[in-house]
>>> print(open('coords.txt').read())   # compact mmCIF, C-alpha atoms
# COMPACT_ATOMS: atom_id res chain seq x y z
CA MET A 1 -26.49 222.43 47.43
CA PRO A 2 -28.70 225.57 47.54
CA THR A 3 -30.02 226.89 44.24
CA ALA A 4 -29.16 230.34 42.90
CA ILE A 5 -32.69 231.43 43.80
CA GLU A 6 -32.24 230.26 47.38
CA LEU A 7 -28.89 232.02 47.60
CA HIS A 8 -29.71 235.33 45.97
CA ALA A 9 -33.43 236.04 45.52
CA ARG A 10 -34.62 238.83 47.78
CA LYS A 11 -37.09 241.63 47.25
CA THR A 12 -35.36 244.92 47.96
CA ARG A 13 -36.70 248.43 48.27
CA GLY A 14 -37.56 249.87 44.88
CA HIS A 15 -37.69 246.52 43.08
CA ASP A 16 -41.15 247.06 41.58
CA ALA A 17 -40.12 250.51 40.35
CA ARG A 18 -37.01 249.08 38.69
CA VAL A 19 -39.10 246.44 36.92
CA ALA A 20 -41.57 249.10 35.75
CA HIS A 21 -38.70 251.26 34.47
CA ALA A 22 -37.20 248.32 32.56
CA VAL A 23 -40.57 247.59 30.92
CA ALA A 24 -41.05 251.26 30.00
CA LEU A 25 -37.56 251.40 28.50
CA LEU A 26 -38.17 248.25 26.43
CA ARG A 27 -41.58 249.49 25.31
CA GLU A 28 -40.17 252.84 24.18
CA ALA A 29 -37.23 251.20 22.41
CA ALA A 30 -39.54 248.79 20.57
CA ALA A 31 -41.73 251.68 19.38
CA ASP A 32 -38.83 253.91 18.33
CA HIS A 33 -37.01 251.15 16.43
CA ALA A 34 -39.89 249.04 15.15
CA GLY A 35 -38.52 246.31 12.87
CA HIS A 36 -34.91 247.28 13.51
CA ILE A 37 -34.24 246.27 17.11
CA VAL A 38 -33.01 243.05 18.68
CA GLN A 39 -32.28 241.58 22.09
CA ALA A 40 -28.76 240.16 21.90
CA THR A 41 -28.62 237.57 24.68
CA SER A 42 -25.91 235.23 25.91
CA LEU A 43 -28.71 233.21 27.55
CA GLY A 44 -27.46 234.12 31.03
CA VAL A 45 -29.96 234.89 33.76
CA GLU A 46 -30.10 238.61 32.95
CA GLY A 47 -30.85 237.83 29.32
CA MET A 48 -33.55 235.38 30.37
CA VAL A 49 -35.19 238.08 32.52
CA ILE A 50 -35.23 240.47 29.56
CA THR A 51 -36.68 237.79 27.27
CA ASP A 52 -39.39 237.15 29.87
CA LEU A 53 -40.20 240.89 30.03
CA ILE A 54 -40.39 241.06 26.24
CA ALA A 55 -42.70 238.04 26.02
CA ARG A 56 -44.79 238.95 29.07
CA HIS A 57 -45.58 242.40 27.72
CA GLY A 58 -46.00 241.38 24.09
CA LEU A 59 -43.21 243.59 22.79
CA ALA A 60 -42.17 243.31 19.16
CA ILE A 61 -38.50 242.67 19.87
CA PRO A 62 -36.85 239.60 18.33
CA VAL A 63 -34.35 237.64 20.39
CA ALA A 64 -30.97 236.54 19.02
CA THR A 65 -27.90 234.79 20.37
CA LEU A 66 -24.46 233.57 19.33
CA ASP A 67 -23.67 229.87 19.21
CA THR A 68 -19.89 230.00 19.30
CA GLY A 69 -19.48 226.27 18.81
CA ALA A 70 -17.99 226.02 22.30
CA LEU A 71 -20.99 226.57 24.57
CA HIS A 72 -22.09 224.30 27.41
CA ALA A 73 -24.92 221.88 26.63
CA GLN A 74 -26.89 223.53 29.46
CA THR A 75 -26.69 226.86 27.63
CA LEU A 76 -27.87 225.47 24.30
CA ALA A 77 -30.75 223.67 26.05
CA LEU A 78 -32.28 227.06 26.80
CA LEU A 79 -33.14 227.57 23.12
CA GLY A 80 -35.74 224.81 23.36
CA ARG A 81 -36.94 225.98 26.75
CA ILE A 82 -37.51 229.51 25.42
CA ARG A 83 -39.44 228.11 22.46
CA GLN A 84 -41.59 225.94 24.70
CA ARG A 85 -42.23 228.59 27.37
CA TYR A 86 -42.67 231.73 25.29
CA GLY A 87 -43.26 230.59 21.72
CA ILE A 88 -40.17 232.57 20.70
CA GLU A 89 -37.76 231.19 18.11
CA VAL A 90 -34.37 232.57 19.06
CA GLN A 91 -32.31 233.65 16.05
CA VAL A 92 -28.94 231.88 16.23
CA PHE A 93 -25.78 233.25 14.64
CA ARG A 94 -22.72 231.03 14.32
CA PRO A 95 -19.09 231.71 13.36
CA GLN A 96 -17.79 230.97 9.90
CA GLN A 97 -16.89 227.30 10.16
CA GLU A 98 -13.82 227.51 7.96
CA ALA A 99 -12.38 230.34 10.08
CA VAL A 100 -12.83 228.22 13.23
CA VAL A 101 -11.24 225.17 11.58
CA GLN A 102 -8.24 227.16 10.37
CA PHE A 103 -7.74 228.82 13.77
CA VAL A 104 -7.79 225.49 15.62
CA ARG A 105 -5.54 223.89 13.01
CA ARG A 106 -2.94 226.65 13.42
CA ASN A 107 -3.18 227.17 17.17
CA GLY A 108 -4.76 224.10 18.75
CA ASP A 109 -7.81 223.68 20.95
CA ASP A 110 -6.11 225.30 23.94
CA ALA A 111 -4.90 228.46 22.19
CA MET A 112 -6.90 230.75 24.49
CA TYR A 113 -4.81 229.69 27.48
CA ARG A 114 -1.48 230.53 25.87
CA SER A 115 -1.84 234.28 25.37
CA VAL A 116 -4.38 237.09 25.62
CA GLU A 117 -3.81 237.79 21.93
CA LEU A 118 -4.77 234.26 20.91
CA ARG A 119 -7.77 234.28 23.24
CA LYS A 120 -8.98 237.54 21.73
CA ASN A 121 -8.42 236.14 18.23
CA CYS A 122 -10.65 233.22 19.21
CA CYS A 123 -13.29 235.65 20.52
CA ASP A 124 -13.05 237.63 17.27
CA ILE A 125 -13.81 234.53 15.20
CA ARG A 126 -16.41 232.91 17.44
CA LYS A 127 -18.18 236.00 18.80
CA LYS A 128 -17.39 239.35 17.23
CA GLU A 129 -17.71 238.32 13.57
CA PRO A 130 -21.12 236.64 14.01
CA MET A 131 -22.18 239.58 16.21
CA ARG A 132 -21.60 241.90 13.27
CA ARG A 133 -24.05 239.80 11.26
CA LEU A 134 -26.52 239.71 14.14
CA LEU A 135 -26.55 243.52 14.21
CA GLU A 136 -26.74 244.09 10.45
CA GLY A 137 -29.73 246.26 9.60
CA ARG A 138 -30.45 247.03 13.25
CA THR A 139 -30.65 250.55 14.63
CA ALA A 140 -30.84 249.42 18.25
CA TRP A 141 -30.03 246.48 20.49
CA ILE A 142 -30.69 245.38 24.05
CA THR A 143 -28.38 243.55 26.45
CA GLY A 144 -28.41 242.50 30.10
CA LEU A 145 -25.31 244.26 31.45
CA ARG A 146 -25.61 245.46 35.05
CA ARG A 147 -23.46 247.89 37.02
CA GLU A 148 -23.00 245.41 39.85
CA GLN A 149 -21.46 242.72 37.63
CA SER A 150 -17.90 244.06 37.65
CA GLU A 151 -15.80 247.17 38.14
CA SER A 152 -15.55 247.67 34.37
CA ARG A 153 -19.37 247.76 34.17
CA SER A 154 -19.97 249.95 37.22
CA SER A 155 -21.00 252.96 35.14
CA VAL A 156 -23.28 251.19 32.65
CA PRO A 157 -26.11 253.61 31.73
CA HIS A 158 -29.64 252.66 30.76
CA PHE A 159 -28.97 253.92 27.24
CA GLU A 160 -26.05 254.94 25.05
CA LEU A 161 -24.84 254.94 21.46
CA ASP A 162 -22.46 252.13 20.58
CA ALA A 163 -19.34 252.63 18.48
CA ASP A 164 -21.44 252.32 15.30
CA SER A 165 -24.03 254.85 16.50
CA ARG A 166 -26.69 252.24 17.15
CA GLU A 167 -28.82 252.87 20.20
CA LYS A 168 -27.97 250.35 22.90
CA PHE A 169 -30.25 249.72 25.87
CA TYR A 170 -29.44 248.22 29.26
CA PRO A 171 -32.84 247.81 30.99
CA LEU A 172 -31.30 246.02 34.00
CA ALA A 173 -28.41 248.45 34.49
CA ASP A 174 -29.46 249.41 38.03
CA TRP A 175 -30.74 245.98 39.10
CA SER A 176 -28.96 244.07 41.84
CA GLU A 177 -28.34 240.34 41.83
CA ALA A 178 -31.12 240.10 44.42
CA ASP A 179 -33.46 241.91 42.00
CA VAL A 180 -32.63 239.54 39.15
CA TRP A 181 -33.19 236.38 41.14
CA HIS A 182 -36.29 237.71 42.88
CA TYR A 183 -37.78 238.38 39.45
CA VAL A 184 -36.80 234.87 38.31
CA ALA A 185 -38.37 233.29 41.40
CA THR A 186 -41.54 235.39 41.23
CA ASN A 187 -42.15 234.78 37.52
CA ASP A 188 -40.75 231.24 37.20
CA VAL A 189 -38.25 232.31 34.55
CA PRO A 190 -36.25 229.43 33.02
CA TYR A 191 -32.51 229.76 33.55
CA ASN A 192 -29.24 227.96 32.90
CA GLU A 193 -28.73 225.03 35.28
CA LEU A 194 -25.08 226.07 35.65
CA HIS A 195 -26.19 229.07 37.71
CA ASP A 196 -27.07 226.59 40.45
CA GLN A 197 -23.48 225.32 40.32
CA PHE A 198 -21.89 228.70 41.14
CA TYR A 199 -21.53 229.93 37.55
CA PRO A 200 -22.92 233.50 37.78
CA SER A 201 -21.40 234.50 34.42
CA ILE A 202 -21.39 231.90 31.65
CA GLY A 203 -19.57 232.05 28.33
CA CYS A 204 -17.80 229.42 26.26
CA ALA A 205 -17.07 226.21 28.15
CA PRO A 206 -13.23 226.40 27.94
CA CYS A 207 -13.29 229.97 29.26
CA THR A 208 -15.76 229.64 32.14
CA ARG A 209 -15.44 228.08 35.58
CA ALA A 210 -17.43 228.12 38.80
CA ILE A 211 -16.50 230.79 41.34
CA SER A 212 -15.79 230.52 45.04
CA LEU A 213 -17.50 232.38 47.86
CA GLY A 214 -16.43 236.01 47.86
CA GLU A 215 -15.06 236.07 44.32
CA ASP A 216 -16.14 238.72 41.83
CA HIS A 217 -19.22 237.95 39.73
CA ARG A 218 -17.08 237.57 36.60
CA ALA A 219 -14.09 235.87 38.25
CA GLY A 220 -14.91 232.64 36.44
CA ARG A 221 -14.43 234.21 33.01
CA TRP A 222 -10.87 233.98 31.57
CA TRP A 223 -9.68 233.40 35.13
CA TRP A 224 -6.06 232.84 34.07
CA GLU A 225 -5.74 236.41 32.74
CA GLN A 226 -5.14 239.71 34.47
CA GLU A 227 -8.31 241.53 35.52
CA GLY A 228 -8.06 244.23 32.88
CA ALA A 229 -8.27 241.77 29.99
CA LYS A 230 -11.52 240.11 30.98
CA GLU A 231 -13.82 241.21 28.16
CA CYS A 232 -14.32 239.66 24.74
CA GLY A 233 -14.92 242.98 22.97
CA LEU A 234 -18.67 242.76 22.35
CA HIS A 235 -19.39 245.54 24.83
CA LEU A 236 -16.34 247.80 24.53
CA ARG A 237 -17.64 251.26 23.75
CA ASP A 238 -14.56 252.45 21.89
CA GLU A 239 -14.38 249.51 19.51
CA PRO A 240 -16.72 249.32 16.46
CA LEU A 241 -18.59 246.08 15.97
CA ALA A 242 -19.11 246.59 12.26
CA ALA A 243 -16.37 246.29 9.68
>>> encode(input="coords.txt", output="structure tokens")
Amino acid sequence: MPTAIELHARKTRGHDARVAHAVALLREAAADHAGHIVQATSLGVEGMVITDLIARHGLAIPVATLDTGALHAQTLALLGRIRQRYGIEVQVFRPQQEAVVQFVRRNGDDAMYRSVELRKNCCDIRKKEPMRRLLEGRTAWITGLRREQSESRSSVPHFELDADSREKFYPLADWSEADVWHYVATNDVPYNELHDQFYPSIGCAPCTRAISLGEDHRAGRWWWEQEGAKECGLHLRDEPLAA
């Protein structure tokens, strides 16, 4: 089976300029929001590229992630790999355990498959509530969204204000999949082993599957739902993340 690097890595015209722009954006954001900025990563390949850029250029940007309690072992393994490779201790935010226990007790382990409402309730408990804590005291945050990932992300800018007026930066907004994997190959960036098993977008284990040739990048996320529902709410611009 070919690896994700073998399948996707390719240097395209303008790649070096896009890397330089991403570094400049991160450098400016770190200076403007010193002590109040964070990279919020899901530990997918885009997030790993941003973490590498932060570490490689010595930028004072902490890295944080959500451990929903339902992640793949391969995803969690990256925490140790980041520590070993970059000397970065990723800040981990977890859901309130009692809220998770009560939700599962009321609705079962397979609640997300039964309705969009229940799936979103699960996302609220496991992702959105800890994300609020992750962003407390921050004036800016950085994520790895790219325009090419899906139709709903096709207009992602390099910068915008989120629903709570925090500055939100997307340094890889204009990168292609070829750009991402060329950077990974060139700089030996650690990445989730599931990417080599046709998981381009990785979330919680019950809500993620491998995709088939020709499917959309995010087709493996909440695949049993209609296309319009396929977001957890962390990146919806019209929905505040803070209570």
>>> closest_residue(input="coords.txt", among="A:Ala4, A:Ala73, A:Leu26, A:Val92", to="Tyr170 of chain A", atoms="all atoms listed in the file")
A:Leu26
>>> atom_distance(input="coords.txt", atom1="atom CA of Asn121 of chain A", atom2="atom CA of Pro62 of chain A")
28.6 Å
>>> atom_distance(input="coords.txt", atom1="atom CA of Gly69 of chain A", atom2="atom CA of Ala219 of chain A")
22.3 Å
>>> closest_residue(input="coords.txt", among="A:Ala17, A:Pro190, A:Cys123, A:Ser115", to="Arg83 of chain A", atoms="all atoms listed in the file")
A:Pro190
>>> residues_near_point(input="coords.txt", point="(-15.1, 236.1, 15.4)", cutoff="12 Å", atoms="all atoms listed in the file", output="ChimeraX atom specification")
/A:66-69,93-100,103,118-133,232-234,241-243
>>> residues_near_point(input="coords.txt", point="(-18.5, 230.9, 42.1)", cutoff="6 Å", atoms="only C-alpha atoms", output="MDAnalysis selection string")
chainID A and resid 198:199 210:212
>>> closest_residue(input="coords.txt", among="A:Glu136, A:Ile50, A:Gly14, A:Leu43", to="Arg27 of chain A", atoms="only C-alpha atoms")
A:Ile50
>>> closest_residue(input="coords.txt", among="A:His182, A:Asp109, A:Ala60, A:Leu213", to="Glu28 of chain A", atoms="all atoms listed in the file")
A:Ala60
>>> atom_distance(input="coords.txt", atom1="atom CA of Thr65 of chain A", atom2="atom CA of Leu79 of chain A")
9.3 Å
>>> closest_residue(input="coords.txt", among="A:Gly58, A:Pro157, A:Pro2, A:Pro171", to="Ala22 of chain A", atoms="only C-alpha atoms")
A:Pro171
>>> closest_residue(input="coords.txt", among="A:Ile202, A:Val189, A:Val90, A:Glu177", to="Arg10 of chain A", atoms="all atoms listed in the file")
A:Glu177
>>> residues_around(input="coords.txt", residues="Thr51 of chain A", least_positions_apart="5", cutoff="9 Å", atoms="all atoms listed in the file", output="PyMOL selection string")
chain A and resi 39+41+46+56+63+82+86
>>> write_last_selection(input="coords.txt", atoms="C-alpha atoms", output="CSV table (one decimal), in the frame of the given file")
chain,number,residue,atom,x,y,z
A,39,GLN,CA,-32.3,241.6,22.1
A,41,THR,CA,-28.6,237.6,24.7
A,46,GLU,CA,-30.1,238.6,33.0
A,56,ARG,CA,-44.8,239.0,29.1
A,63,VAL,CA,-34.4,237.6,20.4
A,82,ILE,CA,-37.5,229.5,25.4
A,86,TYR,CA,-42.7,231.7,25.3
>>> residues_around(input="coords.txt", residues="Gln74 of chain A", least_positions_apart="3", cutoff="9 Å", atoms="only C-alpha atoms", output="MDAnalysis selection string")
chainID A and resid 71 77:78 192:194
>>> closest_atom_pairs(input="coords.txt", of="segment 143-231 of chain A", to="segment 29-34 of chain A", cutoff="10 Å", atoms="all atoms listed in the file", output="JSON lines")
{"residue": "A:Phe159", "atom": "CA", "partner": "A:Ala29", "partner_atom": "CA", "distance": 9.9}
{"residue": "A:Glu167", "atom": "CA", "partner": "A:Ala29", "partner_atom": "CA", "distance": 8.9}
{"residue": "A:Lys168", "atom": "CA", "partner": "A:Ala29", "partner_atom": "CA", "distance": 9.3}
{"residue": "A:Phe169", "atom": "CA", "partner": "A:Ala29", "partner_atom": "CA", "distance": 7.9}
>>> write_last_selection(input="coords.txt", atoms="C-alpha atoms", output="PDB file, in the frame of the given file")
ATOM      1  CA  PHE A 159     -28.970 253.920  27.240  1.00  0.00           C
ATOM      2  CA  GLU A 167     -28.820 252.870  20.200  1.00  0.00           C
ATOM      3  CA  LYS A 168     -27.970 250.350  22.900  1.00  0.00           C
ATOM      4  CA  PHE A 169     -30.250 249.720  25.870  1.00  0.00           C
TER       5      PHE A 169
END
>>> build_atoms(input="coords.txt", residues="segment 33-44 of chain A", atoms="all heavy atoms", output="short mmCIF file (atom, residue, chain, number, x, y, z; two decimals), in the coordinates of the input")
data_model
loop_
_atom_site.label_atom_id
_atom_site.label_comp_id
_atom_site.auth_asym_id
_atom_site.auth_seq_id
_atom_site.Cartn_x
_atom_site.Cartn_y
_atom_site.Cartn_z
N HIS A 33 -37.85 251.89 17.38
CA HIS A 33 -37.01 251.15 16.43
C HIS A 33 -37.77 249.94 15.86
O HIS A 33 -37.18 248.88 15.65
CB HIS A 33 -35.72 250.69 17.12
CG HIS A 33 -34.86 251.81 17.60
ND1 HIS A 33 -33.95 252.45 16.78
CD2 HIS A 33 -34.78 252.42 18.82
CE1 HIS A 33 -33.34 253.41 17.48
NE2 HIS A 33 -33.83 253.40 18.71
N ALA A 34 -39.04 250.14 15.62
CA ALA A 34 -39.89 249.04 15.15
C ALA A 34 -39.28 248.37 13.91
O ALA A 34 -38.97 249.04 12.92
CB ALA A 34 -41.29 249.55 14.83
N GLY A 35 -39.08 247.06 13.98
CA GLY A 35 -38.52 246.31 12.87
C GLY A 35 -37.02 246.35 12.75
O GLY A 35 -36.45 245.69 11.88
N HIS A 36 -36.37 247.12 13.62
CA HIS A 36 -34.91 247.28 13.51
C HIS A 36 -34.21 247.16 14.86
O HIS A 36 -33.13 247.71 15.06
CB HIS A 36 -34.58 248.64 12.88
CG HIS A 36 -35.12 248.80 11.49
ND1 HIS A 36 -34.54 248.22 10.39
CD2 HIS A 36 -36.23 249.45 11.05
CE1 HIS A 36 -35.25 248.52 9.31
NE2 HIS A 36 -36.27 249.25 9.69
N ILE A 37 -34.81 246.43 15.78
CA ILE A 37 -34.24 246.27 17.11
C ILE A 37 -34.13 244.79 17.43
O ILE A 37 -34.85 243.97 16.86
CB ILE A 37 -35.13 246.99 18.16
CG1 ILE A 37 -34.43 247.03 19.52
CG2 ILE A 37 -36.52 246.36 18.25
CD1 ILE A 37 -35.13 247.93 20.53
N VAL A 38 -33.21 244.44 18.32
CA VAL A 38 -33.01 243.05 18.68
C VAL A 38 -32.53 242.96 20.13
O VAL A 38 -31.82 243.86 20.60
CB VAL A 38 -31.99 242.36 17.73
CG1 VAL A 38 -30.60 242.97 17.88
CG2 VAL A 38 -31.96 240.85 17.93
N GLN A 39 -32.93 241.92 20.82
CA GLN A 39 -32.28 241.58 22.09
C GLN A 39 -31.15 240.63 21.76
O GLN A 39 -31.37 239.53 21.24
CB GLN A 39 -33.23 240.89 23.08
CG GLN A 39 -32.50 240.56 24.40
CD GLN A 39 -33.15 239.47 25.23
OE1 GLN A 39 -34.24 238.98 24.89
NE2 GLN A 39 -32.51 239.08 26.31
N ALA A 40 -29.93 241.03 22.08
CA ALA A 40 -28.76 240.16 21.90
C ALA A 40 -28.46 239.53 23.25
O ALA A 40 -28.01 240.20 24.18
CB ALA A 40 -27.56 240.96 21.40
N THR A 41 -28.74 238.24 23.39
CA THR A 41 -28.62 237.57 24.68
C THR A 41 -27.57 236.48 24.65
O THR A 41 -27.44 235.76 23.65
CB THR A 41 -29.97 236.97 25.11
OG1 THR A 41 -29.80 236.25 26.34
CG2 THR A 41 -30.54 236.02 24.07
N SER A 42 -26.84 236.35 25.75
CA SER A 42 -25.91 235.23 25.91
C SER A 42 -26.60 234.07 26.61
O SER A 42 -25.95 233.07 26.92
CB SER A 42 -24.69 235.67 26.71
OG SER A 42 -25.08 236.01 28.04
N LEU A 43 -27.90 234.23 26.88
CA LEU A 43 -28.71 233.21 27.55
C LEU A 43 -28.36 233.07 29.03
O LEU A 43 -28.72 232.08 29.67
CB LEU A 43 -28.63 231.86 26.84
CG LEU A 43 -29.01 231.89 25.35
CD1 LEU A 43 -28.71 230.54 24.69
CD2 LEU A 43 -30.49 232.24 25.19
N GLY A 44 -27.66 234.06 29.59
CA GLY A 44 -27.46 234.12 31.03
C GLY A 44 -28.73 234.57 31.71
O GLY A 44 -29.73 234.91 31.06
#
